[in-house]
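Novice: I'm passing along data.csv; it holds CSV, C-alpha atoms.
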```
chain,number,residue,atom,x,y,z
A,18,MET,CA,125.1,83.9,88.5
A,19,ALA,CA,125.8,83.6,84.8
A,20,ALA,CA,122.2,82.5,84.2
A,21,ALA,CA,120.9,85.5,86.3
A,22,ALA,CA,123.1,88.0,84.5
A,23,ARG,CA,121.4,87.2,81.2
A,24,ILE,CA,118.2,88.9,82.4
A,25,GLY,CA,119.8,92.3,82.4
A,26,PRO,CA,122.2,94.7,84.1
A,27,TYR,CA,120.4,94.8,87.5
A,28,PHE,CA,121.0,91.0,87.7
A,29,VAL,CA,124.7,91.0,87.4
A,30,TRP,CA,127.1,90.1,90.2
A,31,GLU,CA,130.6,89.7,88.8
A,32,PRO,CA,133.8,88.2,90.1
A,33,GLY,CA,136.5,90.8,90.6
A,34,ARG,CA,138.5,93.0,93.0
A,35,ARG,CA,136.5,94.8,95.6
A,36,TYR,CA,136.8,98.6,95.0
A,37,ARG,CA,134.7,99.4,98.1
A,38,ASP,CA,133.4,96.9,100.7
A,39,ILE,CA,129.7,96.1,100.5
A,40,SER,CA,129.4,97.2,104.1
A,41,ASP,CA,130.0,100.8,102.9
A,42,LEU,CA,126.4,100.7,101.8
A,43,SER,CA,125.4,100.8,105.4
A,44,ASP,CA,127.6,103.7,106.3
A,45,PRO,CA,125.5,106.9,106.8
A,46,VAL,CA,128.3,109.1,105.3
A,47,VAL,CA,128.4,107.0,102.1
A,48,LEU,CA,124.6,107.0,101.9
A,49,ALA,CA,124.5,110.7,102.2
A,50,GLU,CA,127.0,111.0,99.3
A,51,ARG,CA,124.8,108.7,97.2
A,52,VAL,CA,121.7,110.7,98.0
A,53,GLY,CA,123.4,114.0,97.3
A,54,ASP,CA,124.6,112.7,93.9
A,55,ALA,CA,121.0,111.6,93.1
A,56,ARG,CA,119.6,114.9,94.3
A,57,ARG,CA,121.9,116.9,92.0
A,58,LEU,CA,121.1,114.6,89.1
A,59,LEU,CA,117.4,115.2,89.6
A,60,ASN,CA,118.0,118.9,89.9
A,61,ARG,CA,119.8,118.9,86.5
A,62,MET,CA,116.9,117.0,85.1
A,63,GLY,CA,114.5,119.8,86.2
A,64,ALA,CA,113.0,117.9,89.2
A,65,GLY,CA,113.4,120.9,91.5
A,66,ASN,CA,114.8,120.4,95.0
A,67,PRO,CA,113.0,117.4,96.4
A,68,GLU,CA,113.3,116.4,100.1
A,69,ASP,CA,116.3,114.4,101.1
A,70,ARG,CA,114.1,111.6,102.5
A,71,VAL,CA,112.2,111.3,99.3
A,72,VAL,CA,115.4,111.0,97.2
A,73,ALA,CA,116.8,108.6,99.8
A,74,SER,CA,113.8,106.3,99.4
A,75,THR,CA,114.4,106.2,95.7
A,76,VAL,CA,118.1,105.6,96.1
A,77,PHE,CA,117.4,102.8,98.6
A,78,LEU,CA,115.1,101.1,96.2
A,79,GLY,CA,117.7,101.2,93.4
A,80,LEU,CA,120.4,99.8,95.7
A,81,THR,CA,118.1,97.1,97.0
A,82,ALA,CA,117.3,96.0,93.5
A,83,ARG,CA,121.0,95.4,92.8
A,84,LEU,CA,121.3,93.3,95.9
A,85,VAL,CA,118.2,91.1,95.5
A,86,SER,CA,117.6,90.7,91.8
A,87,ALA,CA,120.6,88.5,91.0
A,88,PRO,CA,120.0,86.0,93.9
A,89,LEU,CA,116.3,85.8,93.0
A,90,ALA,CA,117.1,85.0,89.3
A,91,ALA,CA,119.9,82.6,90.4
A,92,ALA,CA,117.3,80.7,92.4
A,93,VAL,CA,114.6,80.6,89.7
A,94,ILE,CA,116.8,80.1,86.6
A,95,GLY,CA,120.0,78.6,88.0
A,96,GLY,CA,118.5,76.5,90.7
A,97,ALA,CA,120.8,77.8,93.5
A,98,VAL,CA,121.1,80.8,95.8
A,99,PRO,CA,124.5,82.3,96.6
A,100,VAL,CA,125.6,82.8,100.2
A,101,ALA,CA,126.0,86.6,100.7
A,102,ASP,CA,129.3,87.0,102.5
A,103,PRO,CA,130.0,90.7,103.1
A,104,ASP,CA,133.7,90.0,103.7
A,105,ARG,CA,134.0,88.8,100.1
A,106,MET,CA,131.7,91.3,98.3
A,107,GLY,CA,132.1,94.8,97.1
A,108,TRP,CA,130.8,97.6,94.9
A,109,ARG,CA,132.0,100.4,92.7
A,110,PRO,CA,130.5,103.9,92.6
A,111,VAL,CA,129.3,105.0,89.2
A,112,PRO,CA,127.8,108.4,88.2
A,113,SER,CA,124.4,106.8,87.2
A,114,GLY,CA,122.7,103.5,86.5
A,115,PRO,CA,123.1,100.3,88.5
A,116,ILE,CA,126.2,100.1,90.6
A,117,PRO,CA,128.5,97.2,89.9
A,118,ILE,CA,128.4,94.4,92.5
A,119,VAL,CA,131.5,92.3,92.7
A,120,TYR,CA,132.5,89.2,94.7
A,121,GLU,CA,135.8,87.4,95.4
A,122,HIS,CA,134.1,84.0,96.1
A,123,LEU,CA,130.6,82.7,96.3
A,124,GLU,CA,129.2,79.5,97.8
A,125,THR,CA,125.8,77.9,97.4
A,126,SER,CA,123.3,78.0,100.2
A,127,ALA,CA,122.2,74.5,101.4
A,128,ALA,CA,118.8,76.0,102.6
A,129,ASP,CA,115.6,76.0,100.6
A,130,HIS,CA,115.4,78.9,98.2
A,131,ALA,CA,113.1,81.1,100.2
A,132,THR,CA,115.0,80.6,103.4
A,133,ALA,CA,118.3,81.3,101.5
A,134,LEU,CA,116.9,84.5,100.0
A,135,VAL,CA,115.6,85.7,103.4
A,136,ALA,CA,119.2,85.2,104.6
A,137,VAL,CA,120.5,87.3,101.6
A,138,ILE,CA,118.1,90.1,102.5
A,139,GLY,CA,119.0,89.9,106.2
A,140,THR,CA,122.7,90.0,105.4
A,141,LEU,CA,122.9,92.6,102.7
A,142,VAL,CA,119.7,94.7,102.8
A,143,THR,CA,118.7,94.9,106.5
A,144,PRO,CA,121.8,96.8,107.6
A,145,MET,CA,121.5,99.2,104.7
A,146,LEU,CA,117.8,99.6,105.5
A,147,GLU,CA,118.5,100.5,109.1
A,148,ALA,CA,121.1,103.0,108.1
A,149,PHE,CA,118.6,104.7,105.7
A,150,ARG,CA,115.9,104.6,108.3
A,151,THR,CA,118.0,106.4,110.9
A,152,ARG,CA,119.9,108.8,108.7
A,153,PHE,CA,116.9,110.0,106.6
A,154,VAL,CA,114.1,109.4,109.1
A,155,LEU,CA,112.2,107.0,106.8
A,156,SER,CA,109.4,104.7,107.9
A,157,PRO,CA,110.4,101.0,108.1
A,158,GLN,CA,107.1,100.3,106.3
A,159,VAL,CA,108.1,102.4,103.3
A,160,LEU,CA,111.6,100.8,103.2
A,161,TRP,CA,110.4,97.2,103.5
A,162,GLY,CA,107.8,98.1,100.9
A,163,ASN,CA,110.7,99.2,98.7
A,164,VAL,CA,112.3,95.7,99.2
A,165,ALA,CA,109.1,94.1,98.1
A,166,SER,CA,108.9,96.4,95.1
A,167,ALA,CA,112.5,95.5,94.2
A,168,LEU,CA,111.6,91.8,94.2
A,169,GLY,CA,108.4,92.5,92.2
A,170,GLY,CA,110.4,94.4,89.6
A,171,ALA,CA,112.9,91.6,89.4
A,172,HIS,CA,110.1,89.1,89.0
A,173,THR,CA,108.6,91.2,86.1
A,174,MET,CA,111.9,91.3,84.3
A,175,ILE,CA,112.4,87.5,84.8
A,176,ALA,CA,108.9,86.8,83.5
A,177,GLN,CA,109.5,89.0,80.4
A,178,ALA,CA,113.0,87.6,79.6
A,179,ALA,CA,112.4,84.0,80.5
A,180,PRO,CA,108.6,83.4,80.5
A,181,GLU,CA,109.1,79.7,81.2
A,182,HIS,CA,110.3,80.7,84.7
A,183,ALA,CA,107.4,83.2,85.4
A,184,ALA,CA,105.4,80.8,87.5
A,185,GLY,CA,108.4,79.7,89.5
A,186,SER,CA,109.5,83.3,90.1
A,187,ALA,CA,106.0,84.3,91.2
A,188,ALA,CA,105.8,81.4,93.6
A,189,LEU,CA,109.1,82.2,95.2
A,190,VAL,CA,108.3,85.9,95.5
A,191,GLY,CA,104.9,85.1,96.9
A,192,GLU,CA,106.6,82.9,99.6
A,193,LEU,CA,109.0,85.7,100.5
A,194,LEU,CA,106.0,88.1,100.8
A,195,ALA,CA,104.4,85.7,103.3
A,196,ARG,CA,107.4,85.6,105.5
A,197,ALA,CA,109.0,88.1,107.9
A,198,PRO,CA,110.3,90.7,107.3
A,199,LEU,CA,108.2,91.2,104.2
A,200,ALA,CA,104.8,89.9,105.4
A,201,GLY,CA,102.2,92.6,104.9
A,202,THR,CA,104.2,94.8,102.6
A,203,ALA,CA,102.7,93.7,99.2
A,204,THR,CA,100.6,91.1,97.4
A,205,LEU,CA,100.9,89.4,94.0
A,206,HIS,CA,97.9,89.4,91.7
A,207,ARG,CA,97.3,87.2,88.6
A,208,PRO,CA,94.5,89.1,86.7
A,209,ASP,CA,94.3,86.4,84.0
A,210,PRO,CA,94.2,82.8,85.4
A,211,GLY,CA,95.0,81.5,82.0
A,212,ARG,CA,98.4,83.3,81.8
A,213,ASP,CA,101.5,83.1,83.8
A,214,ARG,CA,101.7,86.8,84.6
A,215,TRP,CA,101.6,88.2,88.1
A,216,PHE,CA,101.8,91.8,89.2
A,217,LEU,CA,102.9,93.1,92.6
A,218,VAL,CA,100.8,95.7,94.5
A,219,ARG,CA,102.4,97.4,97.4
A,220,ASN,CA,100.6,98.3,100.6
A,221,ASN,CA,102.4,101.6,100.9
A,222,CYS,CA,104.3,104.1,98.7
A,223,CYS,CA,108.0,104.8,98.0
A,224,LEU,CA,107.3,108.6,98.0
A,225,TYR,CA,108.5,108.9,94.4
A,226,TYR,CA,105.3,110.9,93.6
A,227,ARG,CA,106.7,113.7,95.8
A,228,ILE,CA,109.5,114.3,93.3
A,229,PRO,CA,108.3,117.0,90.8
A,230,GLY,CA,107.2,115.1,87.7
A,231,GLY,CA,107.6,111.8,89.3
A,232,GLY,CA,104.1,110.5,89.4
A,233,THR,CA,103.2,107.1,90.9
A,234,CYS,CA,104.8,103.7,90.2
A,235,GLY,CA,102.8,100.9,88.7
A,236,ASP,CA,102.8,98.9,91.9
A,237,CYS,CA,101.9,101.8,94.2
A,238,VAL,CA,99.1,101.6,96.6
A,239,LEU,CA,98.0,105.1,95.4
A,240,VAL,CA,97.1,103.9,91.9
A,241,PRO,CA,93.3,103.8,91.4
A,242,PRO,CA,92.0,100.3,90.9
A,243,ALA,CA,90.6,101.2,87.4
A,244,ASP,CA,93.9,102.6,86.3
A,245,ARG,CA,95.7,99.6,87.6
A,246,ALA,CA,93.4,97.2,85.7
A,247,ARG,CA,94.0,99.2,82.5
A,248,GLN,CA,97.8,99.0,83.1
A,249,TRP,CA,97.6,95.2,83.6
A,250,ARG,CA,95.5,94.8,80.4
A,251,ALA,CA,98.0,96.8,78.4
A,252,MET,CA,100.9,94.7,79.7
A,253,LEU,CA,99.0,91.4,79.1
A,254,SER,CA,98.4,92.4,75.5
A,255,ARG,CA,102.1,92.8,74.7
```
Will you turn the file into structure tokens for me?
Specialist:
Amino acid sequence: MAAAARIGPYFVWEPGRRYRDISDLSDPVVLAERVGDARRLLNRMGAGNPEDRVVASTVFLGLTARLVSAPLAAAVIGGAVPVADPDRMGWRPVPSGPIPIVYEHLETSAADHATALVAVIGTLVTPMLEAFRTRFVLSPQVLWGNVASALGGAHTMIAQAAPEHAAGSAALVGELLARAPLAGTATLHRPDPGRDRWFLVRNNCCLYYRIPGGGTCGDCVLVPPADRARQWRAMLSR
């Protein structure tokens, strides 16, 4: 986890006292509070009054990134995946930015890395996804696409911060995208076979474009192929 944390704030799980149980993130009342806070923040930023379900999709993506980024980096860089035990994990609300994730004790999974990460997703993300789906009437395809997007974003940050692990990270994310429940949600592309840079492309949209001024994300299915190719060339030139 220490190796994962060096990638950035979205990759930090820290030991400490649980302020709120991690299971709260599957409570419709708590989720409504989180979405309401995000909605008010967007309103203050001049984004008008977007639909609850659109804001909810964005909130879900951010929370999912907090739950999957650290285990992915731990697998790729640290060589181990933590066992996600909800009874020993918690979170702390913050006004903005990535919420702190804390744990009282972590054990290492004995499974292969892909299987262990599927277990993390099943334990931490799936209950939250089901709560968002029912509370905000969101499509499962959109929500699972958001999980794929969170993994793709984590891979990009790993590749930038630790390029020696880019290939291993892409291979692991690719394996996750080939398995249930993520099969069919997205694909990884390597536009330059001579470079260890992969880019995720979703098969659906997170709805962020429906927030006034939001636009489309780089991995969105709605990005025209020519624009996507230009974006990739620009990132490869850095």
Novice: Can you build me a table of stretch 154-193 of chain A residues sitting at most 8 Å from stretch 84-104 of chain A, with the closest atom pair per residue and its distance in Å to one decimal, using all atoms listed in the file, sorted by chain and residue number, as a tab-separated table?
Specialist:
```
residue	atom	partner	partner_atom	distance
A:Ala167	CA	A:Val85	CA	7.3
A:Leu168	CA	A:Ser86	CA	6.6
A:Ala171	CA	A:Ser86	CA	5.4
A:Ile175	CA	A:Ala90	CA	7.0
A:His182	CA	A:Val93	CA	6.6
A:Gly185	CA	A:Val93	CA	6.3
A:Ser186	CA	A:Val93	CA	5.8
A:Leu189	CA	A:Val93	CA	7.9
```
Novice: I want to know what sits within 7 Å of A:Pro115, based on all atoms listed in the file, with residues of the same chain fewer than 2 positions away left out; could you give that as a PyMOL selection string?
Specialist: chain A and resi 27+83+113+117
Novice: Neighbouring residues of A:Val119 were defined as those with any atom within 7 Å, considering all atoms listed in the file; residues of the same chain fewer than 4 positions away were excluded. Please report them as a list in words.
Specialist: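 So the residues in contact are Trp30, Glu31, Pro32, Gly33, Arg35, Met106, Gly107 and Trp108 of chain A.
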Novice: So which residues touch stretch 77-80 of chain A within 8 Å, counting only C-alpha atoms, skipping near sequence neighbours fewer than 2 positions away, as number ranges by chain?
Specialist: A: 73-75, 82-84, 115-116, 146, 149, 160, 163-164, 166-167
Novice: Kindly provide the residues of stretch 105-170 of chain A that approach stretch 225-245 of chain A to within 10 Å, each paired with its closest atom pair and their distance in Å to one decimal, based on all atoms listed in the file, listed by chain and increasing number, as a Markdown table.
Specialist:
```
| residue | atom | partner | partner_atom | distance |
| --- | --- | --- | --- | --- |
| A:Gly162 | CA | A:Cys237 | CA | 9.7 |
| A:Ser166 | CA | A:Asp236 | CA | 7.3 |
| A:Gly169 | CA | A:Asp236 | CA | 8.5 |
| A:Gly170 | CA | A:Asp236 | CA | 9.1 |
```
Novice: Need the shell around A:Ala178: protein/DNA/RNA residues with any atom at most 12 Å away, counting only C-alpha atoms. Skip same-chain ones fewer than 5 positions apart. Format as a PyMOL selection string?
Specialist: chain A and resi 20-25+28+90+94+171-173+183+186
Novice: At a cut-off of 8 Å, using all atoms listed in the file, what residues contact A:Arg214? Leave out same-chain residues fewer than 3 positions from it and give the result as a list in words.
Specialist: Ala176, Ala183, Ala184, Arg207, Pro208, Asp209 and Leu253 of chain A
Novice: Figure out the distance between atom CA of A:Pro26 and atom CA of A:Ser254, please, to one decimal in Å.
Specialist: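 Interatomic distance here is 25.4 Å.
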Novice: Rounded to one decimal in Å, what is the spacing between atom CA of A:Met174 and atom CA of A:Gly114?
Specialist: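 Atom CA of A:Met174 sits 16.4 Å away from atom CA of A:Gly114.
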Novice: In Å to one decimal, how far is atom CA of A:Leu193 from atom CA of A:Val135?
Specialist: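 Interatomic distance here is 7.2 Å.
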Novice: Show me the residues close to (99.8, 92.0, 92.3) - anything with an atom within 7 Å, counting only C-alpha atoms - and format the list as a ChimeraX atom specification.
Specialist: /A:204-207,215-218
Novice: I'd like to know which of A:Arg150, A:Arg105, A:Asn220, A:Gly63 is closest to A:Tyr120, using all atoms listed in the file.
Specialist: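 That would be A:Arg105, the residue with the smallest distance to A:Tyr120.
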Novice: Considering only C-alpha atoms, give me a table of residues in stretch 145-207 of chain A that are at most 9 Å from stretch 48-61 of chain A, with the closest atom pair and distance in Å for each, as a tab-separated table.
Specialist:
```
residue	atom	partner	partner_atom	distance
A:Met145	CA	A:Leu48	CA	8.8
A:Ala148	CA	A:Leu48	CA	8.2
A:Phe149	CA	A:Leu48	CA	7.5
A:Arg152	CA	A:Ala49	CA	8.2
A:Phe153	CA	A:Ala49	CA	8.8
```
Novice: Rebuild stretch 167-198 of chain A so that it carries N, CA and C atoms, then output the result as a short mmCIF file (atom, residue, chain, number, x, y, z; two decimals), keeping the file's coordinate frame.
Specialist:
```
data_model
loop_
_atom_site.label_atom_id
_atom_site.label_comp_id
_atom_site.auth_asym_id
_atom_site.auth_seq_id
_atom_site.Cartn_x
_atom_site.Cartn_y
_atom_site.Cartn_z
N ALA A 167 111.31 95.95 94.88
CA ALA A 167 112.50 95.50 94.20
C ALA A 167 112.35 94.05 93.72
N LEU A 168 111.80 93.22 94.60
CA LEU A 168 111.60 91.80 94.20
C LEU A 168 110.50 91.71 93.15
N GLY A 169 109.44 92.52 93.27
CA GLY A 169 108.40 92.50 92.20
C GLY A 169 108.92 92.95 90.89
N GLY A 170 109.78 93.98 90.89
CA GLY A 170 110.40 94.40 89.60
C GLY A 170 111.26 93.38 89.02
N ALA A 171 112.03 92.69 89.88
CA ALA A 171 112.90 91.60 89.40
C ALA A 171 112.05 90.49 88.81
N HIS A 172 110.97 90.14 89.49
CA HIS A 172 110.10 89.10 89.00
C HIS A 172 109.54 89.48 87.58
N THR A 173 109.11 90.73 87.42
CA THR A 173 108.60 91.20 86.10
C THR A 173 109.60 91.01 85.02
N MET A 174 110.85 91.37 85.30
CA MET A 174 111.90 91.30 84.30
C MET A 174 112.21 89.80 83.97
N ILE A 175 112.19 88.95 85.01
CA ILE A 175 112.40 87.50 84.80
C ILE A 175 111.28 86.96 83.90
N ALA A 176 110.03 87.33 84.21
CA ALA A 176 108.90 86.80 83.50
C ALA A 176 108.93 87.27 82.00
N GLN A 177 109.43 88.48 81.76
CA GLN A 177 109.50 89.00 80.40
C GLN A 177 110.65 88.33 79.62
N ALA A 178 111.81 88.16 80.27
CA ALA A 178 113.00 87.60 79.60
C ALA A 178 112.97 86.11 79.49
N ALA A 179 112.37 85.46 80.48
CA ALA A 179 112.40 84.00 80.50
C ALA A 179 110.96 83.54 80.96
N PRO A 180 109.95 83.68 80.09
CA PRO A 180 108.60 83.40 80.50
C PRO A 180 108.35 81.99 81.03
N GLU A 181 109.21 81.06 80.65
CA GLU A 181 109.10 79.70 81.20
C GLU A 181 109.34 79.63 82.67
N HIS A 182 109.96 80.66 83.22
CA HIS A 182 110.30 80.70 84.70
C HIS A 182 109.33 81.66 85.40
N ALA A 183 108.31 82.20 84.73
CA ALA A 183 107.40 83.20 85.40
C ALA A 183 106.71 82.60 86.57
N ALA A 184 106.16 81.41 86.41
CA ALA A 184 105.40 80.80 87.50
C ALA A 184 106.29 80.50 88.70
N GLY A 185 107.47 79.97 88.45
CA GLY A 185 108.40 79.70 89.50
C GLY A 185 108.85 80.93 90.25
N SER A 186 109.09 81.99 89.48
CA SER A 186 109.50 83.30 90.10
C SER A 186 108.37 83.83 90.94
N ALA A 187 107.15 83.80 90.44
CA ALA A 187 106.00 84.30 91.20
C ALA A 187 105.81 83.52 92.49
N ALA A 188 105.95 82.21 92.41
CA ALA A 188 105.80 81.40 93.60
C ALA A 188 106.80 81.71 94.66
N LEU A 189 108.05 81.94 94.23
CA LEU A 189 109.10 82.20 95.20
C LEU A 189 108.92 83.62 95.80
N VAL A 190 108.59 84.61 94.97
CA VAL A 190 108.30 85.90 95.50
C VAL A 190 107.13 85.92 96.44
N GLY A 191 106.10 85.18 96.06
CA GLY A 191 104.90 85.10 96.90
C GLY A 191 105.28 84.46 98.28
N GLU A 192 106.17 83.48 98.29
CA GLU A 192 106.60 82.90 99.60
C GLU A 192 107.37 83.89 100.39
N LEU A 193 108.21 84.69 99.76
CA LEU A 193 109.00 85.70 100.50
C LEU A 193 108.00 86.76 101.10
N LEU A 194 106.96 87.12 100.34
CA LEU A 194 106.00 88.10 100.80
C LEU A 194 105.15 87.58 101.99
N ALA A 195 105.13 86.28 102.15
CA ALA A 195 104.40 85.70 103.30
C ALA A 195 105.21 85.52 104.51
N ARG A 196 106.50 85.79 104.41
CA ARG A 196 107.40 85.60 105.50
C ARG A 196 107.89 86.95 106.09
N ALA A 197 108.29 86.93 107.36
CA ALA A 197 109.00 88.10 107.90
C ALA A 197 110.34 88.22 107.20
N PRO A 198 110.82 89.42 106.93
CA PRO A 198 110.30 90.70 107.30
C PRO A 198 109.34 91.35 106.32
#
```
